[in-house]
$ cat entry_16.txt   # compact mmCIF, N, CA and C atoms
# COMPACT_ATOMS: atom_id res chain seq x y z
N MET A 1109 -5.46 -20.45 39.25
CA MET A 1109 -6.01 -21.37 38.28
C MET A 1109 -5.65 -20.88 36.87
N HIS A 1110 -5.47 -21.75 35.98
CA HIS A 1110 -5.14 -21.45 34.59
C HIS A 1110 -6.31 -20.73 33.92
N THR A 1111 -6.00 -19.73 33.05
CA THR A 1111 -7.05 -18.92 32.42
C THR A 1111 -8.01 -19.78 31.60
N THR A 1112 -7.48 -20.69 30.79
CA THR A 1112 -8.34 -21.55 29.98
C THR A 1112 -9.23 -22.40 30.87
N GLY A 1113 -8.68 -22.89 31.98
CA GLY A 1113 -9.47 -23.66 32.93
C GLY A 1113 -10.56 -22.82 33.56
N SER A 1114 -10.26 -21.54 33.83
CA SER A 1114 -11.27 -20.63 34.41
C SER A 1114 -12.43 -20.41 33.46
N ILE A 1115 -12.11 -20.24 32.19
CA ILE A 1115 -13.16 -20.04 31.18
C ILE A 1115 -14.01 -21.30 31.06
N ALA A 1116 -13.35 -22.45 31.02
CA ALA A 1116 -14.09 -23.71 30.91
C ALA A 1116 -14.98 -23.93 32.12
N LEU A 1117 -14.47 -23.61 33.32
CA LEU A 1117 -15.24 -23.76 34.54
C LEU A 1117 -16.45 -22.82 34.53
N PHE A 1118 -16.22 -21.58 34.06
CA PHE A 1118 -17.32 -20.61 33.97
C PHE A 1118 -18.40 -21.12 33.02
N LEU A 1119 -17.99 -21.57 31.84
CA LEU A 1119 -18.95 -22.04 30.85
C LEU A 1119 -19.70 -23.28 31.34
N ALA A 1120 -19.01 -24.14 32.10
CA ALA A 1120 -19.65 -25.34 32.62
C ALA A 1120 -20.68 -25.01 33.70
N SER A 1121 -20.49 -23.86 34.37
CA SER A 1121 -21.38 -23.51 35.47
C SER A 1121 -22.68 -22.84 35.02
N ILE A 1122 -22.79 -22.50 33.71
CA ILE A 1122 -24.01 -21.84 33.24
C ILE A 1122 -24.84 -22.81 32.41
N ASP A 1123 -26.12 -22.52 32.30
CA ASP A 1123 -27.01 -23.43 31.58
C ASP A 1123 -26.80 -23.33 30.07
N GLU A 1124 -27.29 -24.30 29.36
CA GLU A 1124 -27.08 -24.41 27.90
C GLU A 1124 -27.58 -23.18 27.13
N PRO A 1125 -28.81 -22.68 27.35
CA PRO A 1125 -29.26 -21.50 26.59
C PRO A 1125 -28.37 -20.28 26.82
N THR A 1126 -27.92 -20.06 28.05
CA THR A 1126 -27.04 -18.93 28.34
C THR A 1126 -25.69 -19.12 27.67
N ARG A 1127 -25.18 -20.34 27.69
CA ARG A 1127 -23.91 -20.64 27.03
C ARG A 1127 -24.00 -20.35 25.53
N MET A 1128 -25.12 -20.72 24.92
CA MET A 1128 -25.32 -20.46 23.49
C MET A 1128 -25.39 -18.96 23.24
N THR A 1129 -26.04 -18.22 24.11
CA THR A 1129 -26.13 -16.76 23.97
C THR A 1129 -24.74 -16.13 24.05
N VAL A 1130 -23.95 -16.57 25.02
CA VAL A 1130 -22.58 -16.06 25.15
C VAL A 1130 -21.79 -16.36 23.88
N PHE A 1131 -21.91 -17.57 23.38
CA PHE A 1131 -21.20 -17.96 22.16
C PHE A 1131 -21.62 -17.09 20.97
N LEU A 1132 -22.93 -16.93 20.78
CA LEU A 1132 -23.42 -16.16 19.63
C LEU A 1132 -23.04 -14.68 19.73
N ARG A 1133 -22.94 -14.16 20.93
CA ARG A 1133 -22.56 -12.75 21.09
C ARG A 1133 -21.08 -12.53 20.87
N THR A 1134 -20.26 -13.52 21.16
CA THR A 1134 -18.82 -13.36 20.99
C THR A 1134 -18.34 -13.79 19.61
N LEU A 1135 -19.12 -14.56 18.88
CA LEU A 1135 -18.70 -15.05 17.57
C LEU A 1135 -18.36 -13.93 16.59
N PRO A 1136 -19.19 -12.90 16.42
CA PRO A 1136 -18.81 -11.83 15.47
C PRO A 1136 -17.49 -11.16 15.82
N ALA A 1137 -17.25 -10.95 17.12
CA ALA A 1137 -15.99 -10.32 17.54
C ALA A 1137 -14.81 -11.23 17.21
N LEU A 1138 -14.96 -12.51 17.44
CA LEU A 1138 -13.88 -13.45 17.12
C LEU A 1138 -13.60 -13.50 15.63
N LEU A 1139 -14.65 -13.50 14.83
CA LEU A 1139 -14.47 -13.51 13.37
C LEU A 1139 -13.79 -12.24 12.90
N LEU A 1140 -14.15 -11.10 13.47
CA LEU A 1140 -13.54 -9.83 13.11
C LEU A 1140 -12.06 -9.85 13.45
N LEU A 1141 -11.71 -10.33 14.62
CA LEU A 1141 -10.30 -10.41 15.02
C LEU A 1141 -9.50 -11.31 14.09
N CYS A 1142 -10.12 -12.38 13.62
CA CYS A 1142 -9.43 -13.30 12.71
C CYS A 1142 -9.15 -12.66 11.35
N THR A 1143 -10.01 -11.76 10.90
CA THR A 1143 -9.84 -11.19 9.57
C THR A 1143 -9.06 -9.89 9.55
N LEU A 1144 -8.91 -9.21 10.69
CA LEU A 1144 -8.24 -7.91 10.70
C LEU A 1144 -6.80 -7.99 10.21
N GLY A 1145 -6.07 -8.96 10.66
CA GLY A 1145 -4.68 -9.03 10.30
C GLY A 1145 -4.39 -9.88 9.09
N CYS A 1146 -5.37 -10.25 8.32
CA CYS A 1146 -5.21 -11.20 7.23
C CYS A 1146 -4.94 -10.50 5.90
N VAL A 1147 -4.00 -9.61 5.86
CA VAL A 1147 -3.66 -8.95 4.61
C VAL A 1147 -2.33 -9.53 4.14
N THR A 1148 -2.30 -10.00 2.90
CA THR A 1148 -1.07 -10.49 2.33
C THR A 1148 -0.13 -9.31 2.14
N PRO A 1149 1.02 -9.29 2.82
CA PRO A 1149 1.90 -8.12 2.73
C PRO A 1149 2.51 -7.98 1.33
N VAL A 1150 2.74 -6.75 0.95
CA VAL A 1150 3.37 -6.45 -0.34
C VAL A 1150 4.88 -6.43 -0.14
N THR A 1151 5.58 -7.14 -0.97
CA THR A 1151 7.03 -7.22 -0.85
C THR A 1151 7.71 -6.20 -1.77
N PRO A 1152 8.94 -5.81 -1.45
CA PRO A 1152 9.68 -4.90 -2.35
C PRO A 1152 9.84 -5.48 -3.75
N GLU A 1153 9.94 -6.81 -3.85
CA GLU A 1153 10.06 -7.45 -5.17
C GLU A 1153 8.78 -7.26 -5.99
N GLN A 1154 7.62 -7.38 -5.32
CA GLN A 1154 6.35 -7.16 -6.02
C GLN A 1154 6.25 -5.72 -6.51
N ILE A 1155 6.63 -4.78 -5.66
CA ILE A 1155 6.57 -3.36 -6.03
C ILE A 1155 7.47 -3.07 -7.22
N ALA A 1156 8.70 -3.61 -7.19
CA ALA A 1156 9.67 -3.35 -8.26
C ALA A 1156 9.23 -3.98 -9.58
N GLY A 1157 8.62 -5.17 -9.54
CA GLY A 1157 8.26 -5.86 -10.78
C GLY A 1157 6.81 -5.70 -11.20
N ALA A 1158 6.08 -4.83 -10.53
CA ALA A 1158 4.64 -4.71 -10.78
C ALA A 1158 4.33 -4.02 -12.10
N ASP A 1159 3.20 -4.44 -12.68
CA ASP A 1159 2.64 -3.77 -13.87
C ASP A 1159 1.59 -2.79 -13.36
N TYR A 1160 1.90 -1.50 -13.43
CA TYR A 1160 0.98 -0.47 -12.94
C TYR A 1160 0.01 -0.01 -14.02
N GLY A 1161 0.22 -0.44 -15.26
CA GLY A 1161 -0.65 -0.01 -16.34
C GLY A 1161 -0.26 1.37 -16.83
N GLU A 1162 -1.13 1.93 -17.66
CA GLU A 1162 -0.88 3.26 -18.23
C GLU A 1162 -1.09 4.33 -17.17
N VAL A 1163 -0.25 5.37 -17.22
CA VAL A 1163 -0.40 6.48 -16.30
C VAL A 1163 -1.66 7.26 -16.67
N PRO A 1164 -2.60 7.44 -15.71
CA PRO A 1164 -3.81 8.21 -16.00
C PRO A 1164 -3.47 9.67 -16.34
N VAL A 1165 -4.10 10.18 -17.36
CA VAL A 1165 -3.82 11.54 -17.83
C VAL A 1165 -5.03 12.43 -17.59
N ALA A 1166 -4.75 13.63 -17.05
CA ALA A 1166 -5.83 14.62 -16.86
C ALA A 1166 -6.12 15.25 -18.22
N PRO A 1167 -7.31 15.63 -18.53
CA PRO A 1167 -8.51 15.57 -17.72
C PRO A 1167 -9.31 14.28 -17.90
N ALA A 1168 -8.76 13.29 -18.63
CA ALA A 1168 -9.52 12.07 -18.93
C ALA A 1168 -9.90 11.31 -17.65
N TYR A 1169 -8.94 11.10 -16.74
CA TYR A 1169 -9.28 10.35 -15.52
C TYR A 1169 -10.22 11.15 -14.63
N GLN A 1170 -10.10 12.48 -14.65
CA GLN A 1170 -11.00 13.33 -13.85
C GLN A 1170 -12.44 13.23 -14.35
N ARG A 1171 -12.60 13.25 -15.67
CA ARG A 1171 -13.94 13.09 -16.25
C ARG A 1171 -14.50 11.71 -15.96
N ALA A 1172 -13.65 10.69 -16.00
CA ALA A 1172 -14.10 9.32 -15.71
C ALA A 1172 -14.60 9.23 -14.26
N ILE A 1173 -13.93 9.85 -13.33
CA ILE A 1173 -14.36 9.86 -11.93
C ILE A 1173 -15.68 10.60 -11.80
N GLN A 1174 -15.81 11.73 -12.47
CA GLN A 1174 -17.06 12.50 -12.40
C GLN A 1174 -18.23 11.70 -12.99
N ARG A 1175 -18.00 10.99 -14.08
CA ARG A 1175 -19.04 10.13 -14.67
C ARG A 1175 -19.41 9.01 -13.71
N TYR A 1176 -18.41 8.41 -13.09
CA TYR A 1176 -18.67 7.32 -12.15
C TYR A 1176 -19.54 7.81 -11.00
N MET A 1177 -19.28 9.00 -10.50
CA MET A 1177 -20.00 9.51 -9.34
C MET A 1177 -21.44 9.91 -9.66
N LEU A 1178 -21.79 9.97 -10.94
CA LEU A 1178 -23.19 10.25 -11.31
C LEU A 1178 -24.13 9.20 -10.72
N GLY A 1179 -23.67 7.98 -10.60
CA GLY A 1179 -24.49 6.92 -10.04
C GLY A 1179 -24.33 6.72 -8.55
N VAL A 1180 -23.49 7.55 -7.90
CA VAL A 1180 -23.22 7.37 -6.48
C VAL A 1180 -23.81 8.50 -5.63
N LEU A 1181 -23.64 9.72 -6.09
CA LEU A 1181 -24.07 10.89 -5.32
C LEU A 1181 -25.57 11.11 -5.43
N TRP A 1182 -26.15 11.73 -4.41
CA TRP A 1182 -27.60 12.01 -4.39
C TRP A 1182 -27.95 13.02 -5.47
N GLU A 1183 -27.22 14.14 -5.53
CA GLU A 1183 -27.41 15.16 -6.57
C GLU A 1183 -26.07 15.39 -7.26
N PRO A 1184 -25.69 14.52 -8.16
CA PRO A 1184 -24.34 14.56 -8.75
C PRO A 1184 -24.04 15.81 -9.56
N LEU A 1185 -25.05 16.45 -10.12
CA LEU A 1185 -24.79 17.64 -10.94
C LEU A 1185 -24.43 18.86 -10.09
N THR A 1186 -24.63 18.78 -8.77
CA THR A 1186 -24.25 19.89 -7.90
C THR A 1186 -22.85 19.71 -7.32
N ALA A 1187 -22.18 18.62 -7.66
CA ALA A 1187 -20.90 18.28 -7.05
C ALA A 1187 -19.76 19.17 -7.51
N SER A 1188 -18.91 19.49 -6.56
CA SER A 1188 -17.63 20.14 -6.89
C SER A 1188 -16.53 19.16 -6.51
N TYR A 1189 -15.55 19.06 -7.37
CA TYR A 1189 -14.48 18.08 -7.21
C TYR A 1189 -13.16 18.81 -6.97
N ARG A 1190 -12.41 18.33 -6.00
CA ARG A 1190 -11.07 18.86 -5.75
C ARG A 1190 -10.11 17.68 -5.80
N PHE A 1191 -9.35 17.62 -6.88
CA PHE A 1191 -8.38 16.53 -7.05
C PHE A 1191 -7.15 16.91 -6.23
N LEU A 1192 -6.89 16.14 -5.19
CA LEU A 1192 -5.91 16.52 -4.17
C LEU A 1192 -4.47 16.39 -4.64
N GLU A 1193 -4.23 15.50 -5.57
CA GLU A 1193 -2.89 15.34 -6.13
C GLU A 1193 -2.99 14.53 -7.41
N GLU A 1194 -1.90 14.48 -8.13
CA GLU A 1194 -1.86 13.67 -9.35
C GLU A 1194 -1.94 12.19 -8.97
N PRO A 1195 -2.38 11.33 -9.90
CA PRO A 1195 -2.41 9.89 -9.62
C PRO A 1195 -1.02 9.40 -9.21
N ARG A 1196 -1.00 8.54 -8.19
CA ARG A 1196 0.26 8.02 -7.69
C ARG A 1196 0.26 6.50 -7.77
N LYS A 1197 1.42 5.94 -8.08
CA LYS A 1197 1.55 4.48 -8.13
C LYS A 1197 1.19 3.90 -6.77
N GLY A 1198 0.42 2.80 -6.82
CA GLY A 1198 0.03 2.16 -5.58
C GLY A 1198 -0.56 0.80 -5.84
N TYR A 1199 -1.19 0.27 -4.82
CA TYR A 1199 -1.83 -1.03 -4.93
C TYR A 1199 -3.11 -1.03 -4.11
N ALA A 1200 -3.98 -1.96 -4.44
CA ALA A 1200 -5.24 -2.12 -3.70
C ALA A 1200 -5.60 -3.60 -3.70
N TYR A 1201 -6.24 -4.02 -2.63
CA TYR A 1201 -6.76 -5.38 -2.54
C TYR A 1201 -8.19 -5.35 -3.05
N LEU A 1202 -8.38 -5.64 -4.33
CA LEU A 1202 -9.69 -5.54 -4.97
C LEU A 1202 -10.50 -6.82 -4.85
N SER A 1203 -9.85 -7.95 -4.60
CA SER A 1203 -10.54 -9.24 -4.56
C SER A 1203 -10.53 -9.84 -3.17
N GLY A 1204 -10.43 -9.02 -2.17
CA GLY A 1204 -10.37 -9.53 -0.80
C GLY A 1204 -8.96 -9.45 -0.26
N ARG A 1205 -8.88 -9.47 1.04
CA ARG A 1205 -7.60 -9.24 1.69
C ARG A 1205 -6.63 -10.41 1.58
N MET A 1206 -7.10 -11.59 1.28
CA MET A 1206 -6.20 -12.74 1.18
C MET A 1206 -5.64 -12.91 -0.23
N LYS A 1207 -6.22 -12.23 -1.18
CA LYS A 1207 -5.74 -12.32 -2.56
C LYS A 1207 -4.54 -11.38 -2.72
N PRO A 1208 -3.73 -11.60 -3.74
CA PRO A 1208 -2.64 -10.65 -3.97
C PRO A 1208 -3.19 -9.29 -4.39
N PRO A 1209 -2.47 -8.23 -4.09
CA PRO A 1209 -2.95 -6.90 -4.46
C PRO A 1209 -2.83 -6.67 -5.96
N VAL A 1210 -3.61 -5.71 -6.44
CA VAL A 1210 -3.54 -5.26 -7.83
C VAL A 1210 -2.77 -3.94 -7.82
N PHE A 1211 -1.84 -3.79 -8.74
CA PHE A 1211 -1.05 -2.56 -8.82
C PHE A 1211 -1.63 -1.65 -9.88
N GLY A 1212 -1.60 -0.37 -9.62
CA GLY A 1212 -2.13 0.64 -10.54
C GLY A 1212 -1.87 2.02 -9.97
N TYR A 1213 -2.88 2.89 -10.03
CA TYR A 1213 -2.72 4.27 -9.57
C TYR A 1213 -3.85 4.64 -8.62
N LEU A 1214 -3.49 5.35 -7.55
CA LEU A 1214 -4.45 5.84 -6.58
C LEU A 1214 -4.68 7.33 -6.80
N VAL A 1215 -5.94 7.72 -6.72
CA VAL A 1215 -6.33 9.13 -6.88
C VAL A 1215 -7.17 9.51 -5.67
N TYR A 1216 -6.80 10.61 -5.04
CA TYR A 1216 -7.55 11.12 -3.88
C TYR A 1216 -8.31 12.36 -4.29
N VAL A 1217 -9.62 12.37 -3.99
CA VAL A 1217 -10.50 13.44 -4.43
C VAL A 1217 -11.39 13.88 -3.27
N GLY A 1218 -11.53 15.20 -3.10
CA GLY A 1218 -12.50 15.74 -2.16
C GLY A 1218 -13.73 16.13 -2.96
N ILE A 1219 -14.91 15.66 -2.54
CA ILE A 1219 -16.14 15.93 -3.29
C ILE A 1219 -17.17 16.53 -2.34
N ASN A 1220 -17.77 17.64 -2.76
CA ASN A 1220 -18.85 18.27 -2.01
C ASN A 1220 -20.06 18.33 -2.93
N ALA A 1221 -21.17 17.79 -2.47
CA ALA A 1221 -22.40 17.78 -3.28
C ALA A 1221 -23.59 17.90 -2.35
N LYS A 1222 -24.71 18.27 -2.92
CA LYS A 1222 -25.93 18.38 -2.12
C LYS A 1222 -26.41 17.00 -1.70
N ASN A 1223 -26.96 16.95 -0.50
CA ASN A 1223 -27.51 15.70 0.01
C ASN A 1223 -29.01 15.65 -0.27
N MET A 1224 -29.70 14.66 0.29
CA MET A 1224 -31.14 14.49 0.01
C MET A 1224 -31.98 15.62 0.58
N LYS A 1225 -31.42 16.40 1.51
CA LYS A 1225 -32.15 17.55 2.06
C LYS A 1225 -31.96 18.81 1.21
N GLY A 1226 -31.12 18.72 0.20
CA GLY A 1226 -30.89 19.85 -0.69
C GLY A 1226 -29.82 20.81 -0.22
N SER A 1227 -29.09 20.44 0.82
CA SER A 1227 -28.02 21.31 1.29
C SER A 1227 -26.68 20.61 1.08
N TYR A 1228 -25.63 21.42 0.99
CA TYR A 1228 -24.30 20.85 0.81
C TYR A 1228 -23.84 20.19 2.10
N ALA A 1229 -23.33 19.00 1.99
CA ALA A 1229 -22.96 18.21 3.16
C ALA A 1229 -21.53 18.50 3.63
N GLY A 1230 -20.76 19.22 2.85
CA GLY A 1230 -19.35 19.43 3.15
C GLY A 1230 -18.50 18.44 2.37
N GLU A 1231 -17.28 18.83 2.11
CA GLU A 1231 -16.40 17.98 1.31
C GLU A 1231 -16.09 16.67 2.04
N LYS A 1232 -16.20 15.58 1.28
CA LYS A 1232 -15.88 14.26 1.80
C LYS A 1232 -14.75 13.66 0.97
N PRO A 1233 -13.84 12.93 1.64
CA PRO A 1233 -12.73 12.33 0.89
C PRO A 1233 -13.16 11.02 0.21
N TYR A 1234 -12.68 10.85 -1.00
CA TYR A 1234 -12.91 9.62 -1.77
C TYR A 1234 -11.57 9.15 -2.31
N ARG A 1235 -11.43 7.82 -2.42
CA ARG A 1235 -10.24 7.22 -3.01
C ARG A 1235 -10.67 6.39 -4.21
N PHE A 1236 -9.91 6.53 -5.28
CA PHE A 1236 -10.18 5.77 -6.49
C PHE A 1236 -8.92 5.02 -6.87
N PHE A 1237 -9.13 3.85 -7.47
CA PHE A 1237 -8.02 3.06 -7.98
C PHE A 1237 -8.21 2.92 -9.48
N ILE A 1238 -7.16 3.20 -10.23
CA ILE A 1238 -7.22 3.16 -11.70
C ILE A 1238 -6.12 2.25 -12.22
N LYS A 1239 -6.51 1.34 -13.10
CA LYS A 1239 -5.53 0.55 -13.84
C LYS A 1239 -6.02 0.45 -15.27
N ASN A 1240 -5.24 1.04 -16.15
CA ASN A 1240 -5.59 1.14 -17.57
C ASN A 1240 -6.98 1.78 -17.70
N GLU A 1241 -7.94 1.09 -18.22
CA GLU A 1241 -9.29 1.67 -18.41
C GLU A 1241 -10.25 1.35 -17.27
N LEU A 1242 -9.78 0.66 -16.23
CA LEU A 1242 -10.65 0.26 -15.13
C LEU A 1242 -10.57 1.26 -13.98
N LEU A 1243 -11.73 1.60 -13.43
CA LEU A 1243 -11.83 2.57 -12.34
C LEU A 1243 -12.63 1.94 -11.21
N TYR A 1244 -12.09 2.02 -10.00
CA TYR A 1244 -12.75 1.47 -8.81
C TYR A 1244 -12.86 2.56 -7.75
N LEU A 1245 -14.03 2.67 -7.14
CA LEU A 1245 -14.21 3.52 -5.97
C LEU A 1245 -13.88 2.65 -4.76
N LEU A 1246 -12.90 3.06 -3.98
CA LEU A 1246 -12.50 2.28 -2.81
C LEU A 1246 -13.29 2.71 -1.59
N SER A 1247 -13.69 1.76 -0.78
CA SER A 1247 -14.39 2.08 0.47
C SER A 1247 -13.35 2.40 1.54
N GLU A 1248 -13.82 2.89 2.66
CA GLU A 1248 -12.91 3.21 3.77
C GLU A 1248 -12.18 1.97 4.26
N SER A 1249 -12.81 0.82 4.17
CA SER A 1249 -12.21 -0.40 4.70
C SER A 1249 -11.29 -1.10 3.68
N ASP A 1250 -11.31 -0.69 2.42
CA ASP A 1250 -10.46 -1.32 1.42
C ASP A 1250 -9.00 -0.96 1.70
N LYS A 1251 -8.16 -1.96 1.74
CA LYS A 1251 -6.74 -1.75 1.96
C LYS A 1251 -6.12 -1.31 0.64
N ALA A 1252 -5.50 -0.14 0.67
CA ALA A 1252 -4.80 0.40 -0.50
C ALA A 1252 -3.72 1.33 0.00
N ASP A 1253 -2.64 1.42 -0.74
CA ASP A 1253 -1.56 2.30 -0.32
C ASP A 1253 -0.72 2.72 -1.51
N VAL A 1254 -0.07 3.86 -1.36
CA VAL A 1254 0.84 4.39 -2.36
C VAL A 1254 2.19 3.72 -2.17
N VAL A 1255 2.89 3.43 -3.26
CA VAL A 1255 4.24 2.87 -3.15
C VAL A 1255 5.25 4.00 -3.32
N HIS A 1256 6.36 3.83 -2.64
CA HIS A 1256 7.40 4.89 -2.69
C HIS A 1256 8.60 4.43 -3.43

$ encode --input "entry_16.txt" --output "structure tokens"
Amino acid sequence: MHTTGSIALFLASIDEPTRMTVFLRTLPALLLLCTLGCVTPVTPEQIAGADYGEVPVAPAYQRAIQRYMLGVLWEPLTASYRFLEEPRKGYAYLSGRMKPPVFGYLVYVGINAKNMKGSYAGEKPYRFFIKNELLYLLSESDKADVVH
């Protein structure tokens, strides 16, 4: 029997409340699958013609990141920062995955600070995106990459 026909036969054989439960349980998974691959790819032409803004200069961008983290960390004054490399040209999808990417500079930082229990939690990786005077803390799910 055809797979689509098997699914239709299965759904027809169950009562309405169970069918609705099956639908509601599978809907989030279907929506997730639809959005996973929905990133507008970056073309070589975009990379070559992109405006990356001003190159961030140390220690100004480092201080800006430390100031930003004052509102993020539990005990920000206990934080130690390890800047893993100099800012590198890259892009990030700041307005959602279907929008075109924004070009600028990516900065990778390891930060260790005390947690709410008063003990150091261990260094955690953070990614920041900088374009001119704008600074963004990127989440783990934010699509961003360095250009070569």

$ residues_around --input "entry_16.txt" --residues "Arg1196 (chain A)" --least-positions-apart "4" --cutoff "8 Å" --atoms "only C-alpha atoms" --output "ChimeraX atom specification"
/A:1213-1215,1254-1255

$ residues_near_point --input "entry_16.txt" --point "(-3.1, 0.3, -14.6)" --cutoff "6 Å" --atoms "all atoms listed in the file" --output "list in words"
Asp1159, Tyr1160, Gly1161, Glu1162, Phe1211, Gly1212, Tyr1213, Ile1238, Lys1239 and Asn1240 of chain A

$ select_by_dssp --input "entry_16.txt" --residues "region 1125-1253 of chain A" --states "alpha helix (DSSP H)" --output "short mmCIF file (atom, residue, chain, number, x, y, z; two decimals) with N, CA and C atoms, keeping the file's coordinate frame"
data_model
loop_
_atom_site.label_atom_id
_atom_site.label_comp_id
_atom_site.auth_asym_id
_atom_site.auth_seq_id
_atom_site.Cartn_x
_atom_site.Cartn_y
_atom_site.Cartn_z
N PRO A 1125 -28.81 -22.68 27.35
CA PRO A 1125 -29.26 -21.50 26.59
C PRO A 1125 -28.37 -20.28 26.82
N THR A 1126 -27.92 -20.06 28.05
CA THR A 1126 -27.04 -18.93 28.34
C THR A 1126 -25.69 -19.12 27.67
N ARG A 1127 -25.18 -20.34 27.69
CA ARG A 1127 -23.91 -20.64 27.03
C ARG A 1127 -24.00 -20.35 25.53
N MET A 1128 -25.12 -20.72 24.92
CA MET A 1128 -25.32 -20.46 23.49
C MET A 1128 -25.39 -18.96 23.24
N THR A 1129 -26.04 -18.22 24.11
CA THR A 1129 -26.13 -16.76 23.97
C THR A 1129 -24.74 -16.13 24.05
N VAL A 1130 -23.95 -16.57 25.02
CA VAL A 1130 -22.58 -16.06 25.15
C VAL A 1130 -21.79 -16.36 23.88
N PHE A 1131 -21.91 -17.57 23.38
CA PHE A 1131 -21.20 -17.96 22.16
C PHE A 1131 -21.62 -17.09 20.97
N LEU A 1132 -22.93 -16.93 20.78
CA LEU A 1132 -23.42 -16.16 19.63
C LEU A 1132 -23.04 -14.68 19.73
N ARG A 1133 -22.94 -14.16 20.93
CA ARG A 1133 -22.56 -12.75 21.09
C ARG A 1133 -21.08 -12.53 20.87
N THR A 1134 -20.26 -13.52 21.16
CA THR A 1134 -18.82 -13.36 20.99
C THR A 1134 -18.34 -13.79 19.61
N LEU A 1135 -19.12 -14.56 18.88
CA LEU A 1135 -18.70 -15.05 17.57
C LEU A 1135 -18.36 -13.93 16.59
N PRO A 1136 -19.19 -12.90 16.42
CA PRO A 1136 -18.81 -11.83 15.47
C PRO A 1136 -17.49 -11.16 15.82
N ALA A 1137 -17.25 -10.95 17.12
CA ALA A 1137 -15.99 -10.32 17.54
C ALA A 1137 -14.81 -11.23 17.21
N LEU A 1138 -14.96 -12.51 17.44
CA LEU A 1138 -13.88 -13.45 17.12
C LEU A 1138 -13.60 -13.50 15.63
N LEU A 1139 -14.65 -13.50 14.83
CA LEU A 1139 -14.47 -13.51 13.37
C LEU A 1139 -13.79 -12.24 12.90
N LEU A 1140 -14.15 -11.10 13.47
CA LEU A 1140 -13.54 -9.83 13.11
C LEU A 1140 -12.06 -9.85 13.45
N LEU A 1141 -11.71 -10.33 14.62
CA LEU A 1141 -10.30 -10.41 15.02
C LEU A 1141 -9.50 -11.31 14.09
N CYS A 1142 -10.12 -12.38 13.62
CA CYS A 1142 -9.43 -13.30 12.71
C CYS A 1142 -9.15 -12.66 11.35
N THR A 1143 -10.01 -11.76 10.90
CA THR A 1143 -9.84 -11.19 9.57
C THR A 1143 -9.06 -9.89 9.55
N LEU A 1144 -8.91 -9.21 10.69
CA LEU A 1144 -8.24 -7.91 10.70
C LEU A 1144 -6.80 -7.99 10.21
N PRO A 1152 8.94 -5.81 -1.45
CA PRO A 1152 9.68 -4.90 -2.35
C PRO A 1152 9.84 -5.48 -3.75
N GLU A 1153 9.94 -6.81 -3.85
CA GLU A 1153 10.06 -7.45 -5.17
C GLU A 1153 8.78 -7.26 -5.99
N GLN A 1154 7.62 -7.38 -5.32
CA GLN A 1154 6.35 -7.16 -6.02
C GLN A 1154 6.25 -5.72 -6.51
N ILE A 1155 6.63 -4.78 -5.66
CA ILE A 1155 6.57 -3.36 -6.03
C ILE A 1155 7.47 -3.07 -7.22
N ALA A 1156 8.70 -3.61 -7.19
CA ALA A 1156 9.67 -3.35 -8.26
C ALA A 1156 9.23 -3.98 -9.58
N GLY A 1157 8.62 -5.17 -9.54
CA GLY A 1157 8.26 -5.86 -10.78
C GLY A 1157 6.81 -5.70 -11.20
N ALA A 1168 -8.76 13.29 -18.63
CA ALA A 1168 -9.52 12.07 -18.93
C ALA A 1168 -9.90 11.31 -17.65
N TYR A 1169 -8.94 11.10 -16.74
CA TYR A 1169 -9.28 10.35 -15.52
C TYR A 1169 -10.22 11.15 -14.63
N GLN A 1170 -10.10 12.48 -14.65
CA GLN A 1170 -11.00 13.33 -13.85
C GLN A 1170 -12.44 13.23 -14.35
N ARG A 1171 -12.60 13.25 -15.67
CA ARG A 1171 -13.94 13.09 -16.25
C ARG A 1171 -14.50 11.71 -15.96
N ALA A 1172 -13.65 10.69 -16.00
CA ALA A 1172 -14.10 9.32 -15.71
C ALA A 1172 -14.60 9.23 -14.26
N ILE A 1173 -13.93 9.85 -13.33
CA ILE A 1173 -14.36 9.86 -11.93
C ILE A 1173 -15.68 10.60 -11.80
N GLN A 1174 -15.81 11.73 -12.47
CA GLN A 1174 -17.06 12.50 -12.40
C GLN A 1174 -18.23 11.70 -12.99
N ARG A 1175 -18.00 10.99 -14.08
CA ARG A 1175 -19.04 10.13 -14.67
C ARG A 1175 -19.41 9.01 -13.71
N TYR A 1176 -18.41 8.41 -13.09
CA TYR A 1176 -18.67 7.32 -12.15
C TYR A 1176 -19.54 7.81 -11.00
N MET A 1177 -19.28 9.00 -10.50
CA MET A 1177 -20.00 9.51 -9.34
C MET A 1177 -21.44 9.91 -9.66
#

$ closest_residue --input "entry_16.txt" --among "A:Val1217, A:Gly1157, A:Gly1204, A:Pro1209" --to "Leu1192 (chain A)" --atoms "all atoms listed in the file"
A:Val1217

$ atom_distance --input "entry_16.txt" --atom1 "atom C of Gly1230 (chain A)" --atom2 "atom C of Gly1218 (chain A)"
7.5 Å

$ atom_distance --input "entry_16.txt" --atom1 "CA of Glu1193 (chain A)" --atom2 "CA of Pro1152 (chain A)"
24.1 Å

$ atom_distance --input "entry_16.txt" --atom1 "atom N of Phe1191 (chain A)" --atom2 "atom C of Ala1229 (chain A)"
16.1 Å

$ closest_residue --input "entry_16.txt" --among "A:Glu1183, A:Asp1250, A:Glu1124, A:Glu1153" --to "Asn1223 (chain A)" --atoms "only N, CA and C atoms"
A:Glu1183

$ closest_residue --input "entry_16.txt" --among "A:Leu1181, A:Ala1166, A:Met1206, A:Ala1200" --to "Thr1148 (chain A)" --atoms "all atoms listed in the file"
A:Met1206

$ closest_residue --input "entry_16.txt" --among "A:Pro1208, A:Glu1194, A:Val1180, A:Ala1187" --to "Pro1149 (chain A)" --atoms "all atoms listed in the file"
A:Pro1208
